[in-house]
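A.B. asks: One structure, pasted below without further comment.
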Amino acid sequence: MDHSGHSHGGHGGHGDHGDHGTRSAQHVGQHAHHGDHSAHLSGASWAMAVKATLHCLTGCAIGEILGMVIGTAFGWGNVPTMVLAIGLAFLFGYSFTLFAVRRAGLDLRAAVKVALAADTVSIAVMEFVDNAIIALTPGAMEAQLDDGLFWGALLGGFAVAFVITTPVNKWMIGRGKGHAVVHAYH
């Protein structure tokens with residue numbers, strides 16, 4: 001989101017933020033719910049939703065692929081492999097946002113709150129859809145790393161999850177939630 005025309009100095013009592021290090025997760029919530037800003041967000045574009053979903057998908061894909069590869073390579077059963085893959089998907093998904101807001105000057109505690117607020121629903125929807133596709137694809141759970149079915153189900157699940165998660169992100173951003181809380185730091 002372009003904030004270049006958005007002056008925070010005299011904007012509804014927000015005052016001059018100056019140093020990014022003084023921002024807090026509480027301020028992010030106030031900022032996202034401020035009248036002018038939330039009205040601006042209600043028109044969340046598809047491009048904004050796609051960008052947020054791609055951001056989330058990148059972290060999820062890295063974590064989930066890593067988890068699936070580790071579990072499959074060690075011959076683990078379906079449940080421990082999926083638990084590891086989902087756990088790593090959340091970890092990597094959150095870490096991308098955490099890194100970005102920490103780089104913007106937010107302290108660790110506030111950055112964790114922003115990452116949780118920004119990504120939890122998006123990652124959860126993405127992981128539910130992706131893992132449901134994998135689980136429902138005949139033979140995918142038994143496929144090995146060198147099997148095209150393994151990669152086809154995994155990548156196909158990501159594609160379907162992207163298509164389903166993008167409108168969810170658009171809806172959330174339009175209401176000042178999800179990735180909208182991160183826009184104050186871009």
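Residue numbering restarts at 1 in every chain; chains get A, B, ... in the order shown in the structure tokens, and ligands count up from 1 in that same order.
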Within 10 Å of region 145-158 of chain A, counting only C-alpha atoms, which residues qualify if same-chain residues fewer than 2 places away don't, as a ChimeraX atom specification?

C.D. replies: /A:57-58,60-61,64-65,68-70,72-73,126-143,160-164

A.B. asks: Excluding Ala49 (chain A) and its own-chain neighbours fewer than 5 positions away, which residues fall within 6 Å of it when counting only C-alpha atoms? Please give them as a list of chain:residue names.

C.D. replies: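 Near Ala49 (chain A), the qualifying residues are A:Thr166, A:Asn169, A:Lys170.
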
A.B. asks: Could you check which of A:Met48, A:Ala89, A:Ala104, A:Leu98 is closest to Leu116 (chain A), using only C-alpha atoms?

C.D. replies: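 Between A:Met48, A:Ala89, A:Ala104, A:Leu98, the residue approaching Leu116 (chain A) most closely is A:Leu98.
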
A.B. asks: Run DSSP on the backbone and tell me which residues of region 150-183 of chain A come out as alpha helix (DSSP H); list them as an MDAnalysis selection string.

C.D. replies: chainID A and resid 150:174

A.B. asks: Do you have the CA of Ile86 (chain A)-CA of Ala118 (chain A) distance handy?

C.D. replies: 17.5 Å

A.B. asks: CA of Arg175 (chain A) and CA of Phe90 (chain A) are how many Å apart?

C.D. replies: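 Between CA of Arg175 (chain A) and CA of Phe90 (chain A) the gap is 22.9 Å.
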